[in-house]
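> Data file final_21.cif (mmCIF, C-alpha atoms and all ligand atoms) is appended below.
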data_data
#
loop_
_atom_site.group_PDB
_atom_site.id
_atom_site.type_symbol
_atom_site.label_atom_id
_atom_site.label_comp_id
_atom_site.auth_asym_id
_atom_site.auth_seq_id
_atom_site.Cartn_x
_atom_site.Cartn_y
_atom_site.Cartn_z
ATOM 1 C CA MET A 138 -11.571 5.606 20.422
ATOM 2 C CA SER A 139 -15.263 6.349 19.731
ATOM 3 C CA GLN A 140 -16.897 5.929 16.313
ATOM 4 C CA GLU A 141 -17.404 9.725 16.130
ATOM 5 C CA ASN A 142 -13.709 10.328 16.643
ATOM 6 C CA LEU A 143 -12.812 7.684 14.088
ATOM 7 C CA ASP A 144 -15.184 9.366 11.600
ATOM 8 C CA GLU A 145 -13.483 12.697 12.237
ATOM 9 C CA LEU A 146 -10.069 11.168 11.607
ATOM 10 C CA LEU A 147 -11.320 9.425 8.454
ATOM 11 C CA ASN A 148 -12.689 12.749 7.161
ATOM 12 C CA LEU A 149 -9.340 14.386 7.800
ATOM 13 C CA ALA A 150 -7.505 11.587 5.983
ATOM 14 C CA VAL A 151 -9.846 11.945 2.983
ATOM 15 C CA GLN A 152 -9.372 15.733 2.921
ATOM 16 C CA CYS A 153 -5.586 15.387 3.096
ATOM 17 C CA ALA A 154 -5.561 12.760 0.335
ATOM 18 C CA LYS A 155 -7.712 14.960 -1.911
ATOM 19 C CA GLU A 156 -5.491 18.016 -1.400
ATOM 20 C CA ALA A 157 -2.333 16.016 -2.050
ATOM 21 C CA GLY A 158 -4.121 14.537 -5.072
ATOM 22 C CA LYS A 159 -4.473 18.034 -6.552
ATOM 23 C CA LEU A 160 -0.695 18.489 -6.377
ATOM 24 C CA ILE A 161 -0.200 15.134 -8.128
ATOM 25 C CA VAL A 162 -2.703 15.954 -10.900
ATOM 26 C CA SER A 163 -1.113 19.339 -11.569
ATOM 27 C CA ALA A 164 2.411 17.869 -11.706
ATOM 28 C CA ILE A 165 2.038 14.508 -13.485
ATOM 29 C CA ASN A 166 2.282 15.863 -17.033
ATOM 30 C CA LYS A 167 5.061 18.349 -16.284
ATOM 31 C CA GLU A 168 8.811 17.991 -16.120
ATOM 32 C CA LYS A 169 9.870 16.662 -12.723
ATOM 33 C CA LYS A 170 12.886 17.045 -10.492
ATOM 34 C CA ILE A 171 13.857 13.409 -9.902
ATOM 35 C CA GLN A 172 16.315 12.161 -7.307
ATOM 36 C CA THR A 173 17.359 8.601 -6.521
ATOM 37 C CA LYS A 174 17.307 7.116 -3.007
ATOM 38 C CA THR A 175 18.825 3.663 -2.352
ATOM 39 C CA SER A 176 19.445 2.776 -6.039
ATOM 40 C CA SER A 177 18.911 4.010 -9.610
ATOM 41 C CA THR A 178 15.433 2.390 -9.598
ATOM 42 C CA ASP A 179 14.316 3.933 -6.263
ATOM 43 C CA LEU A 180 12.999 7.407 -7.167
ATOM 44 C CA VAL A 181 11.612 10.464 -5.403
ATOM 45 C CA THR A 182 10.354 13.772 -6.825
ATOM 46 C CA GLU A 183 9.615 17.194 -5.375
ATOM 47 C CA THR A 184 5.899 16.301 -5.572
ATOM 48 C CA ASP A 185 6.367 13.288 -3.238
ATOM 49 C CA LYS A 186 7.949 15.660 -0.720
ATOM 50 C CA ALA A 187 5.373 18.430 -1.221
ATOM 51 C CA CYS A 188 2.458 15.997 -0.754
ATOM 52 C CA GLU A 189 3.946 14.575 2.435
ATOM 53 C CA GLU A 190 4.593 18.051 3.832
ATOM 54 C CA LEU A 191 1.023 19.119 3.075
ATOM 55 C CA ILE A 192 -0.457 16.054 4.798
ATOM 56 C CA VAL A 193 1.861 16.194 7.816
ATOM 57 C CA THR A 194 1.197 19.929 8.336
ATOM 58 C CA LYS A 195 -2.583 19.410 8.277
ATOM 59 C CA ILE A 196 -2.436 16.495 10.731
ATOM 60 C CA LYS A 197 -0.024 18.201 13.133
ATOM 61 C CA ASP A 198 -2.209 21.287 13.151
ATOM 62 C CA LEU A 199 -5.257 19.330 14.395
ATOM 63 C CA TYR A 200 -3.599 16.475 16.298
ATOM 64 C CA PRO A 201 -0.228 17.689 17.605
ATOM 65 C CA ASP A 202 -0.036 14.724 20.037
ATOM 66 C CA HIS A 203 -0.310 12.032 17.381
ATOM 67 C CA ASP A 204 2.772 10.298 15.970
ATOM 68 C CA ILE A 205 3.433 10.376 12.236
ATOM 69 C CA ILE A 206 5.383 7.955 10.053
ATOM 70 C CA GLY A 207 5.871 9.203 6.491
ATOM 71 C CA GLU A 208 7.951 7.618 3.743
ATOM 72 C CA GLU A 209 9.753 10.803 2.754
ATOM 73 C CA SER A 210 10.391 11.950 6.359
ATOM 74 C CA THR A 211 11.900 8.600 7.305
ATOM 75 C CA VAL A 212 15.695 8.576 7.259
ATOM 76 C CA LEU A 213 16.923 6.058 4.644
ATOM 77 C CA ASN A 214 17.618 2.583 6.035
ATOM 78 C CA SER A 215 16.568 3.626 9.562
ATOM 79 C CA LYS A 216 14.120 1.625 11.666
ATOM 80 C CA VAL A 217 10.472 2.670 11.787
ATOM 81 C CA HIS A 218 9.073 3.172 15.308
ATOM 82 C CA LEU A 219 5.468 2.016 15.211
ATOM 83 C CA THR A 220 4.333 2.197 18.839
ATOM 84 C CA SER A 221 0.993 1.704 20.600
ATOM 85 C CA ARG A 222 0.365 5.454 20.388
ATOM 86 C CA PRO A 223 -2.079 6.950 17.849
ATOM 87 C CA THR A 224 0.004 6.991 14.653
ATOM 88 C CA TRP A 225 -0.587 8.252 11.120
ATOM 89 C CA ILE A 226 1.173 6.172 8.446
ATOM 90 C CA ILE A 227 1.647 8.079 5.194
ATOM 91 C CA ASP A 228 2.843 7.305 1.692
ATOM 92 C CA PRO A 229 2.470 10.612 -0.181
ATOM 93 C CA ILE A 230 2.777 8.947 -3.609
ATOM 94 C CA ASP A 231 2.612 5.199 -3.915
ATOM 95 C CA GLY A 232 3.838 4.431 -7.416
ATOM 96 C CA THR A 233 6.474 7.146 -7.794
ATOM 97 C CA THR A 234 7.976 5.380 -10.837
ATOM 98 C CA ASN A 235 4.522 5.485 -12.448
ATOM 99 C CA PHE A 236 4.206 9.170 -11.541
ATOM 100 C CA VAL A 237 7.592 9.915 -13.144
ATOM 101 C CA HIS A 238 6.448 8.200 -16.363
ATOM 102 C CA GLY A 239 2.885 9.558 -16.318
ATOM 103 C CA PHE A 240 1.496 5.994 -15.931
ATOM 104 C CA PRO A 241 -1.866 6.529 -14.229
ATOM 105 C CA TYR A 242 -1.520 4.149 -11.227
ATOM 106 C CA VAL A 243 -0.462 6.418 -8.388
ATOM 107 C CA ALA A 244 -2.051 6.797 -4.984
ATOM 108 C CA VAL A 245 -1.899 8.821 -1.808
ATOM 109 C CA CYS A 246 -2.031 6.427 1.172
ATOM 110 C CA ILE A 247 -3.000 7.473 4.681
ATOM 111 C CA GLY A 248 -3.503 4.962 7.481
ATOM 112 C CA PHE A 249 -4.085 5.490 11.178
ATOM 113 C CA SER A 250 -3.174 2.965 13.863
ATOM 114 C CA ILE A 251 -3.599 2.549 17.606
ATOM 115 C CA LYS A 252 -1.760 -0.217 19.480
ATOM 116 C CA GLN A 253 -0.194 -1.176 16.139
ATOM 117 C CA LYS A 254 -3.630 -2.051 14.752
ATOM 118 C CA VAL A 255 -4.834 -0.107 11.709
ATOM 119 C CA LYS A 256 -8.148 1.628 12.480
ATOM 120 C CA LEU A 257 -8.748 3.400 9.171
ATOM 121 C CA GLY A 258 -7.230 3.712 5.737
ATOM 122 C CA VAL A 259 -7.550 5.944 2.681
ATOM 123 C CA VAL A 260 -5.997 5.158 -0.705
ATOM 124 C CA TYR A 261 -6.696 7.787 -3.376
ATOM 125 C CA ASN A 262 -5.780 7.622 -7.058
ATOM 126 C CA PRO A 263 -6.365 11.232 -8.169
ATOM 127 C CA ILE A 264 -5.576 10.507 -11.841
ATOM 128 C CA LEU A 265 -8.324 7.897 -12.271
ATOM 129 C CA ASN A 266 -10.445 9.538 -9.554
ATOM 130 C CA ARG A 267 -10.721 6.475 -7.352
ATOM 131 C CA LEU A 268 -11.051 7.028 -3.620
ATOM 132 C CA TYR A 269 -10.884 3.860 -1.520
ATOM 133 C CA TYR A 270 -11.474 4.044 2.227
ATOM 134 C CA ALA A 271 -12.416 1.977 5.237
ATOM 135 C CA LYS A 272 -12.645 2.192 8.995
ATOM 136 C CA GLU A 273 -12.690 -0.651 11.493
ATOM 137 C CA GLY A 274 -16.070 -2.416 11.446
ATOM 138 C CA GLY A 275 -17.548 -0.043 8.858
ATOM 139 C CA GLY A 276 -17.000 -1.840 5.536
ATOM 140 C CA ALA A 277 -14.872 -0.717 2.599
ATOM 141 C CA PHE A 278 -15.837 1.816 -0.033
ATOM 142 C CA LEU A 279 -14.771 3.013 -3.484
ATOM 143 C CA ASN A 280 -16.160 6.470 -4.311
ATOM 144 C CA SER A 281 -18.991 5.960 -1.763
ATOM 145 C CA GLN A 282 -19.970 2.522 -3.104
ATOM 146 C CA ARG A 283 -19.484 -0.536 -0.908
ATOM 147 C CA ILE A 284 -16.864 -2.943 -2.294
ATOM 148 C CA GLU A 285 -16.417 -6.695 -1.753
ATOM 149 C CA ALA A 286 -13.424 -8.925 -2.394
ATOM 150 C CA SER A 287 -13.684 -11.914 -4.765
ATOM 151 C CA GLN A 288 -15.084 -15.316 -3.728
ATOM 152 C CA CYS A 289 -12.608 -17.292 -5.855
ATOM 153 C CA THR A 290 -11.254 -20.402 -4.104
ATOM 154 C CA ASP A 291 -9.432 -22.043 -7.024
ATOM 155 C CA LEU A 292 -5.872 -20.828 -7.609
ATOM 156 C CA THR A 293 -5.911 -22.286 -11.137
ATOM 157 C CA LYS A 294 -8.847 -19.976 -11.969
ATOM 158 C CA SER A 295 -7.434 -16.912 -10.244
ATOM 159 C CA LEU A 296 -6.009 -13.605 -11.423
ATOM 160 C CA LEU A 297 -3.042 -12.649 -9.243
ATOM 161 C CA ILE A 298 -1.126 -9.404 -8.726
ATOM 162 C CA SER A 299 2.467 -8.858 -7.670
ATOM 163 C CA GLU A 300 5.434 -6.570 -8.321
ATOM 164 C CA TRP A 301 9.068 -6.994 -9.334
ATOM 165 C CA GLY A 302 10.213 -4.369 -6.794
ATOM 166 C CA SER A 303 12.861 -1.698 -7.010
ATOM 167 C CA ASN A 304 15.658 -3.885 -5.569
ATOM 168 C CA ARG A 305 17.290 -5.613 -8.579
ATOM 169 C CA LYS A 306 20.147 -7.430 -6.847
ATOM 170 C CA PRO A 307 20.522 -10.663 -8.926
ATOM 171 C CA GLU A 308 20.115 -13.086 -6.009
ATOM 172 C CA ARG A 309 16.913 -11.315 -4.916
ATOM 173 C CA LEU A 310 15.569 -11.035 -8.444
ATOM 174 C CA LYS A 311 16.067 -14.786 -8.883
ATOM 175 C CA LYS A 312 13.650 -15.465 -6.010
ATOM 176 C CA VAL A 313 11.144 -12.931 -7.361
ATOM 177 C CA GLN A 314 11.258 -14.743 -10.714
ATOM 178 C CA GLU A 315 10.919 -18.124 -8.998
ATOM 179 C CA ASN A 316 7.680 -16.923 -7.410
ATOM 180 C CA PHE A 317 6.300 -15.638 -10.704
ATOM 181 C CA ASN A 318 7.280 -18.990 -12.301
ATOM 182 C CA ASN A 319 5.518 -20.992 -9.562
ATOM 183 C CA PHE A 320 2.199 -19.258 -10.111
ATOM 184 C CA LEU A 321 2.488 -19.133 -13.904
ATOM 185 C CA THR A 322 3.103 -22.901 -14.055
ATOM 186 C CA CYS A 323 0.339 -23.567 -11.497
ATOM 187 C CA PRO A 324 -1.176 -22.219 -13.775
ATOM 188 C CA CYS A 325 -3.175 -19.240 -12.520
ATOM 189 C CA HIS A 326 -5.026 -17.252 -15.216
ATOM 190 C CA GLY A 327 -2.442 -14.460 -15.094
ATOM 191 C CA ILE A 328 -0.269 -12.164 -12.996
ATOM 192 C CA ARG A 329 -0.599 -8.373 -13.200
ATOM 193 C CA SER A 330 1.529 -5.509 -11.822
ATOM 194 C CA THR A 331 0.249 -1.948 -11.543
ATOM 195 C CA GLY A 332 3.417 -0.496 -9.964
ATOM 196 C CA SER A 333 1.508 0.615 -6.867
ATOM 197 C CA ALA A 334 1.446 -1.859 -3.992
ATOM 198 C CA ALA A 335 -1.476 -0.030 -2.369
ATOM 199 C CA LEU A 336 -3.576 0.001 -5.542
ATOM 200 C CA ASN A 337 -2.807 -3.718 -5.996
ATOM 201 C CA MET A 338 -4.312 -4.315 -2.545
ATOM 202 C CA CYS A 339 -7.327 -2.132 -3.405
ATOM 203 C CA LEU A 340 -7.910 -4.190 -6.587
ATOM 204 C CA ILE A 341 -8.189 -7.203 -4.256
ATOM 205 C CA ALA A 342 -10.623 -5.265 -2.037
ATOM 206 C CA GLU A 343 -12.674 -4.435 -5.123
ATOM 207 C CA GLY A 344 -12.776 -8.048 -6.311
ATOM 208 C CA ARG A 345 -11.007 -7.193 -9.599
ATOM 209 C CA ALA A 346 -8.299 -9.763 -8.861
ATOM 210 C CA ASP A 347 -8.210 -12.734 -6.488
ATOM 211 C CA GLY A 348 -4.805 -12.689 -4.810
ATOM 212 C CA ASN A 349 -1.806 -10.447 -4.245
ATOM 213 C CA TYR A 350 1.601 -10.941 -2.676
ATOM 214 C CA GLU A 351 4.348 -8.370 -2.233
ATOM 215 C CA PHE A 352 7.880 -8.458 -0.842
ATOM 216 C CA GLY A 353 10.141 -5.480 -0.097
ATOM 217 C CA ILE A 354 7.302 -3.076 0.625
ATOM 218 C CA HIS A 355 7.241 -0.842 3.686
ATOM 219 C CA VAL A 356 4.644 -0.166 6.384
ATOM 220 C CA TRP A 357 3.331 2.911 4.487
ATOM 221 C CA ASP A 358 2.700 0.753 1.392
ATOM 222 C CA TYR A 359 0.253 -1.624 3.089
ATOM 223 C CA ALA A 360 -1.086 -0.100 6.339
ATOM 224 C CA ALA A 361 -3.956 1.860 4.759
ATOM 225 C CA SER A 362 -4.764 -0.718 2.079
ATOM 226 C CA SER A 363 -4.743 -3.702 4.466
ATOM 227 C CA ILE A 364 -7.790 -2.459 6.384
ATOM 228 C CA ILE A 365 -9.528 -1.698 3.078
ATOM 229 C CA VAL A 366 -9.057 -5.361 2.040
ATOM 230 C CA GLU A 367 -10.192 -6.680 5.444
ATOM 231 C CA GLU A 368 -13.268 -4.447 5.514
ATOM 232 C CA ALA A 369 -14.148 -5.688 2.005
ATOM 233 C CA ASN A 370 -14.249 -9.190 3.576
ATOM 234 C CA GLY A 371 -10.893 -10.100 2.067
ATOM 235 C CA VAL A 372 -8.032 -11.761 3.911
ATOM 236 C CA VAL A 373 -4.654 -10.206 4.745
ATOM 237 C CA LEU A 374 -1.859 -12.467 6.008
ATOM 238 C CA ASP A 375 1.863 -12.602 6.506
ATOM 239 C CA VAL A 376 3.618 -14.877 3.975
ATOM 240 C CA THR A 377 4.082 -17.414 6.807
ATOM 241 C CA SER A 378 0.239 -17.794 6.835
ATOM 242 C CA GLY A 379 0.113 -16.015 10.222
ATOM 243 C CA SER A 380 -1.385 -12.600 10.982
ATOM 244 C CA VAL A 381 -0.124 -9.702 8.931
ATOM 245 C CA ASP A 382 2.987 -8.052 10.381
ATOM 246 C CA LEU A 383 3.090 -4.358 9.463
ATOM 247 C CA LEU A 384 6.859 -4.146 9.857
ATOM 248 C CA ALA A 385 7.820 -7.396 8.084
ATOM 249 C CA ARG A 386 7.957 -5.765 4.629
ATOM 250 C CA ARG A 387 5.755 -8.420 3.034
ATOM 251 C CA VAL A 388 2.077 -9.216 2.710
ATOM 252 C CA VAL A 389 -0.394 -11.612 1.127
ATOM 253 C CA ALA A 390 -3.947 -10.464 0.388
ATOM 254 C CA ALA A 391 -6.794 -12.375 -1.220
ATOM 255 C CA GLY A 392 -10.551 -12.528 -1.540
ATOM 256 C CA THR A 393 -10.698 -15.859 0.304
ATOM 257 C CA LYS A 394 -8.632 -17.523 3.001
ATOM 258 C CA LYS A 395 -8.138 -20.542 0.702
ATOM 259 C CA ILE A 396 -6.419 -18.483 -2.011
ATOM 260 C CA ALA A 397 -4.394 -16.550 0.593
ATOM 261 C CA LEU A 398 -3.113 -19.787 2.157
ATOM 262 C CA GLU A 399 -2.349 -21.356 -1.225
ATOM 263 C CA ILE A 400 -0.331 -18.300 -2.204
ATOM 264 C CA CYS A 401 1.614 -18.562 1.088
ATOM 265 C CA ALA A 402 2.271 -22.261 0.466
ATOM 266 C CA ASN A 403 3.684 -21.591 -3.006
ATOM 267 C CA LEU A 404 5.975 -18.673 -2.111
ATOM 268 C CA VAL A 405 9.732 -18.718 -1.850
ATOM 269 C CA GLU A 406 10.429 -16.320 1.022
ATOM 270 C CA ILE A 407 12.379 -13.159 0.341
ATOM 271 C CA GLN A 408 13.907 -11.722 3.494
ATOM 272 C CA ASP A 409 14.278 -7.929 3.518
ATOM 273 C CA GLU A 410 15.481 -6.107 6.616
ATOM 274 C CA ARG A 411 12.486 -5.333 8.836
ATOM 275 C CA ASP A 412 11.125 -1.775 8.960
HETATM 276 P P1 LIG B 1 6.736 3.748 -3.886
HETATM 277 O O1 LIG B 1 6.311 4.098 -5.271
HETATM 278 O O2 LIG B 1 6.040 4.541 -2.830
HETATM 279 O O3 LIG B 1 8.216 3.768 -3.676
HETATM 280 C C1 LIG B 1 6.486 -1.016 -6.688
HETATM 281 O O4 LIG B 1 7.112 -2.244 -6.568
HETATM 282 C C2 LIG B 1 5.616 -0.749 -5.479
HETATM 283 O O5 LIG B 1 6.280 -1.181 -4.288
HETATM 284 C C3 LIG B 1 5.329 0.679 -5.205
HETATM 285 O O6 LIG B 1 4.150 0.667 -4.476
HETATM 286 C C4 LIG B 1 6.510 1.131 -4.387
HETATM 287 O O7 LIG B 1 6.233 2.274 -3.577
HETATM 288 C C5 LIG B 1 6.695 -0.074 -3.493
HETATM 289 N N1 LIG B 1 8.047 -0.266 -2.994
HETATM 290 C C6 LIG B 1 8.752 0.617 -2.300
HETATM 291 N N2 LIG B 1 9.952 0.155 -1.967
HETATM 292 C C7 LIG B 1 10.027 -1.086 -2.452
HETATM 293 C C8 LIG B 1 11.036 -2.101 -2.416
HETATM 294 N N3 LIG B 1 12.207 -1.891 -1.815
HETATM 295 N N4 LIG B 1 10.778 -3.278 -3.001
HETATM 296 C C9 LIG B 1 9.595 -3.476 -3.612
HETATM 297 N N5 LIG B 1 8.636 -2.566 -3.678
HETATM 298 C C10 LIG B 1 8.823 -1.378 -3.109
HETATM 299 CA CA CA B 2 9.488 5.329 -2.627
HETATM 300 CA CA CA B 3 4.868 3.152 -1.560
HETATM 301 CA CA CA B 4 5.991 6.601 -1.943
#
Translate this structure into structure tokens?

Amino acid sequence: MSQENLDELLNLAVQCAKEAGKLIVSAINKEKKIQTKTSSTDLVTETDKACEELIVTKIKDLYPDHDIIGEESTVLNSKVHLTSRPTWIIDPIDGTTNFVHGFPYVAVCIGFSIKQKVKLGVVYNPILNRLYYAKEGGGAFLNSQRIEASQCTDLTKSLLISEWGSNRKPERLKKVQENFNNFLTCPCHGIRSTGSAALNMCLIAEGRADGNYEFGIHVWDYAASSIIVEEANGVVLDVTSGSVDLLARRVVAAGTKKIALEICANLVEIQDERD
């Protein structure tokens, strides 16, 4: 795909994210229709669905041949089919629990892949007006300013980010806690959670924190943000220290390879069913 075409697709992704962002802004302070999905802590609202429909309609209109994977159009517990074909990967609201509570860390995520490799990504927080984007080889940007990941190489001087996740089965939660314990006794300077996996990754891209690990997330949570971290000269790995696997439901991101590898070495693995 040529650079011109990639620019066109990036523009479309930005436009879609901004339009969906308007729906989020107009709905966040109002009463919401909330439904649960796989558990009482896995939520969806009519705005998640409306945003996804808006984005999918716009993409299909211009690129009817492209494949689309969207969180709210994916049948619960079904496998995701990420093929070599041009594919849009959409999370209409990342941080739905935050959205429900009016907590201002929510983002529209739109990634685009070819041959299972992410070529561009847009992550837009319309509440705090932060638009992150990147395309392959073009650097990463926040509101038109170039961003760079941190240079920190010392885990004991690092600020980390991770999430508890929506799956609260006791045996799983025990491993999540074990991981938090490992890093807190390391000790790193602190561990933060925004409630949006994509915005956590973007904070790494921006150099506001040094390392991030997540388990239980889906391809739409980290496709767009992973290229933003890489283009900000950060490192994105699988928890096994190998290359990131978009369907493995887990990711490690950091400003430096040293921190990324040290996070991998300290993690107890949590095995969720692959996407
Ligand atoms: P969502 O708001 O789009 O559902 C919170 O832990 C963050 O992880 C959010 O970005 C949330 O996305 C995402 N997430 C989704 N499903 C998850 C799961 N099963 N376990 C952990 N995190 C999940
Ligand atoms: Ca969700
Ligand atoms: Ca998400
Ligand atoms: Ca979502």
> Could you produce a table of the residues of chain A lying within 9 Å of ligand LIG 1 (chain B), with the nearest pair of atoms per residue and their separation in Å rounded to one decimal, using all atoms listed in the file, ordered by chain and increasing residue number, as a tab-separated table?

residue	atom	partner	partner_atom	distance
A:Thr175	CA	B:LIG1	N3	8.7
A:Asp179	CA	B:LIG1	O3	6.6
A:Leu180	CA	B:LIG1	O3	7.0
A:Val181	CA	B:LIG1	O3	7.7
A:Asp185	CA	B:LIG1	O2	8.8
A:Glu208	CA	B:LIG1	O2	7.5
A:Asp228	CA	B:LIG1	O2	6.2
A:Pro229	CA	B:LIG1	O2	7.5
A:Ile230	CA	B:LIG1	O2	5.5
A:Asp231	CA	B:LIG1	O2	3.7
A:Gly232	CA	B:LIG1	O1	3.3
A:Thr233	CA	B:LIG1	O1	4.0
A:Thr234	CA	B:LIG1	O1	5.9
A:Asn235	CA	B:LIG1	O1	7.5
A:Phe236	CA	B:LIG1	O1	8.3
A:Val243	CA	B:LIG1	O1	7.8
A:Ala244	CA	B:LIG1	O2	8.7
A:Ser299	CA	B:LIG1	O4	8.2
A:Glu300	CA	B:LIG1	O4	5.0
A:Trp301	CA	B:LIG1	O4	5.8
A:Gly302	CA	B:LIG1	C9	3.4
A:Ser303	CA	B:LIG1	N4	4.8
A:Asn304	CA	B:LIG1	N3	5.5
A:Arg305	CA	B:LIG1	N4	8.9
A:Ser330	CA	B:LIG1	O4	8.3
A:Thr331	CA	B:LIG1	C1	8.0
A:Gly332	CA	B:LIG1	C1	4.5
A:Ser333	CA	B:LIG1	O6	3.6
A:Ala334	CA	B:LIG1	O6	3.7
A:Ala335	CA	B:LIG1	O6	6.0
A:Leu336	CA	B:LIG1	O6	7.8
A:Asn337	CA	B:LIG1	O6	8.4
A:Glu351	CA	B:LIG1	C9	7.3
A:Phe352	CA	B:LIG1	C9	6.0
A:Gly353	CA	B:LIG1	N4	3.7
A:Ile354	CA	B:LIG1	C10	4.4
A:His355	CA	B:LIG1	C6	6.3
A:Trp357	CA	B:LIG1	O2	8.0
A:Asp358	CA	B:LIG1	O6	6.0
A:Tyr359	CA	B:LIG1	O6	8.8
A:Arg386	CA	B:LIG1	N4	8.5
A:Asp409	CA	B:LIG1	N3	8.3
> For Ser250 of chain A, which of A:Val217, A:Val388, A:Ala361, A:Val376 is the closest residue, counting all atoms listed in the file?
A:Ala361
> Interatomic distance between atom CA of Ser287 of chain A and atom CA of Asp347 of chain A?
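Atom-to-atom, atom CA of Ser287 of chain A and atom CA of Asp347 of chain A are spaced 5.8 Å apart.
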> For a quick check of understanding, using all atoms listed in the file, which of A:Ile171, A:Ala157, A:Ile165, A:Ala346 has the smallest distance to Glu189 of chain A?
A:Ala157
> Pull the neighbourhood of (-2.0, 14.8, 4.1) for me: all residues within 10 Å in file coordinates, counting all atoms listed in the file, as a list in words.
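Within 10 Å of (-2.0, 14.8, 4.1), the protein and nucleic acid residues are Leu149, Ala150, Val151, Gln152, Cys153, Ala154, Lys155, Glu156, Ala157, Gly158, Ala187, Cys188, Glu189, Glu190, Leu191, Ile192, Val193, Thr194, Lys195, Ile196, Lys197, Gly207, Trp225, Ile227, Asp228, Pro229, Val245, Cys246 and Ile247 of chain A.
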> Using the chain letters and numbering of this document, enumerate as an MDAnalysis selection string the residues selected by the PyMOL selection byres (((chain A and resi 411) around 6) and not hetatm).
chainID A and resid 384:385 410 412
> Using all atoms listed in the file, collect all residues at a distance of at most 9 Å from (-10.3, 4.9, 16.4) as written in the file, then present them as a list in words.
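Residues found, by chain and rising number: Met138, Ser139, Gln140, Glu141, Asn142, Leu143, Asp144, Leu146, Pro223, Phe249, Ser250, Ile251, Val255, Lys256, Leu257, Lys272 and Glu273 of chain A.
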> Using all atoms listed in the file, which of A:Val356, A:Thr377, A:Pro307, A:Asn166 sits nearest Thr211 of chain A?
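Ranking A:Val356, A:Thr377, A:Pro307, A:Asn166 by distance to Thr211 of chain A, first place goes to A:Val356.
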> Neighbouring residues of segment 396-405 of chain A were defined as those with any atom within 7 Å, considering all atoms listed in the file; residues of the same chain fewer than 2 positions away were excluded. Please report them as a ChimeraX atom specification.
/A:290-292,312,316,319,348,372,376-378,389-391,393-394,407
> Between A:Arg345, A:Lys170, A:Lys306, A:Lys186, which residue has the minimum interatomic distance to ligand CA 4 (chain B), considering only C-alpha atoms and all ligand atoms?
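For ligand CA 4 (chain B), the nearest of the candidates is A:Lys186.
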> State, in Å with one decimal place, the distance from atom CA of Tyr270 of chain A to atom CA of Leu147 of chain A.
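These atoms are spaced 8.2 Å apart.
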> I'd like the neighbourhood of segment 275-281 of chain A as an mmCIF file with C-alpha atoms, in the coordinates of the input, where a residue qualifies if any of its atoms comes within 10 Å (using only C-alpha atoms), though same-chain residues fewer than 6 positions away should be ignored.

data_model
loop_
_atom_site.group_PDB
_atom_site.id
_atom_site.type_symbol
_atom_site.label_atom_id
_atom_site.label_comp_id
_atom_site.auth_asym_id
_atom_site.auth_seq_id
_atom_site.Cartn_x
_atom_site.Cartn_y
_atom_site.Cartn_z
ATOM 1 C CA GLN A 140 -16.897 5.929 16.313
ATOM 2 C CA LEU A 257 -8.748 3.400 9.171
ATOM 3 C CA GLY A 258 -7.230 3.712 5.737
ATOM 4 C CA VAL A 259 -7.550 5.944 2.681
ATOM 5 C CA VAL A 260 -5.997 5.158 -0.705
ATOM 6 C CA TYR A 261 -6.696 7.787 -3.376
ATOM 7 C CA ASN A 266 -10.445 9.538 -9.554
ATOM 8 C CA ARG A 267 -10.721 6.475 -7.352
ATOM 9 C CA LEU A 268 -11.051 7.028 -3.620
ATOM 10 C CA TYR A 269 -10.884 3.860 -1.520
ATOM 11 C CA CYS A 339 -7.327 -2.132 -3.405
ATOM 12 C CA ALA A 342 -10.623 -5.265 -2.037
ATOM 13 C CA GLU A 343 -12.674 -4.435 -5.123
ATOM 14 C CA ILE A 364 -7.790 -2.459 6.384
ATOM 15 C CA ILE A 365 -9.528 -1.698 3.078
ATOM 16 C CA VAL A 366 -9.057 -5.361 2.040
ATOM 17 C CA GLU A 367 -10.192 -6.680 5.444
ATOM 18 C CA GLU A 368 -13.268 -4.447 5.514
ATOM 19 C CA ALA A 369 -14.148 -5.688 2.005
ATOM 20 C CA ASN A 370 -14.249 -9.190 3.576
#
> Taking all atoms of segment 347-352 of chain A that appear in the file, build a box with edges along x, y and z, extend it by 3 Å on every side, and state its centre and edge lengths in Å to one decimal, as JSON.

{"center_x": -0.2, "center_y": -10.6, "center_z": -3.7, "size_x": 22.1, "size_y": 10.4, "size_z": 11.6}
> Check the smallest atom-to-atom distance from each of A:Ser177, A:Thr182, A:Gln288, A:Ser363 to Glu209 of chain A using only C-alpha atoms, then report the winner.
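Counting only C-alpha atoms, the residue closest to Glu209 of chain A is A:Thr182.
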> Between A:Lys294, A:Ala164, A:Thr224, A:Leu213, which has the minimum distance to Ser176 of chain A (counting all atoms listed in the file)?
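Comparing A:Lys294, A:Ala164, A:Thr224, A:Leu213 against Ser176 of chain A, the winner is A:Leu213.
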> For the atom pair atom CA of Leu297 of chain A and atom CA of Tyr350 of chain A, what is the interatomic distance in Å to one decimal place?
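Atom-to-atom, atom CA of Leu297 of chain A and atom CA of Tyr350 of chain A are spaced 8.2 Å apart.
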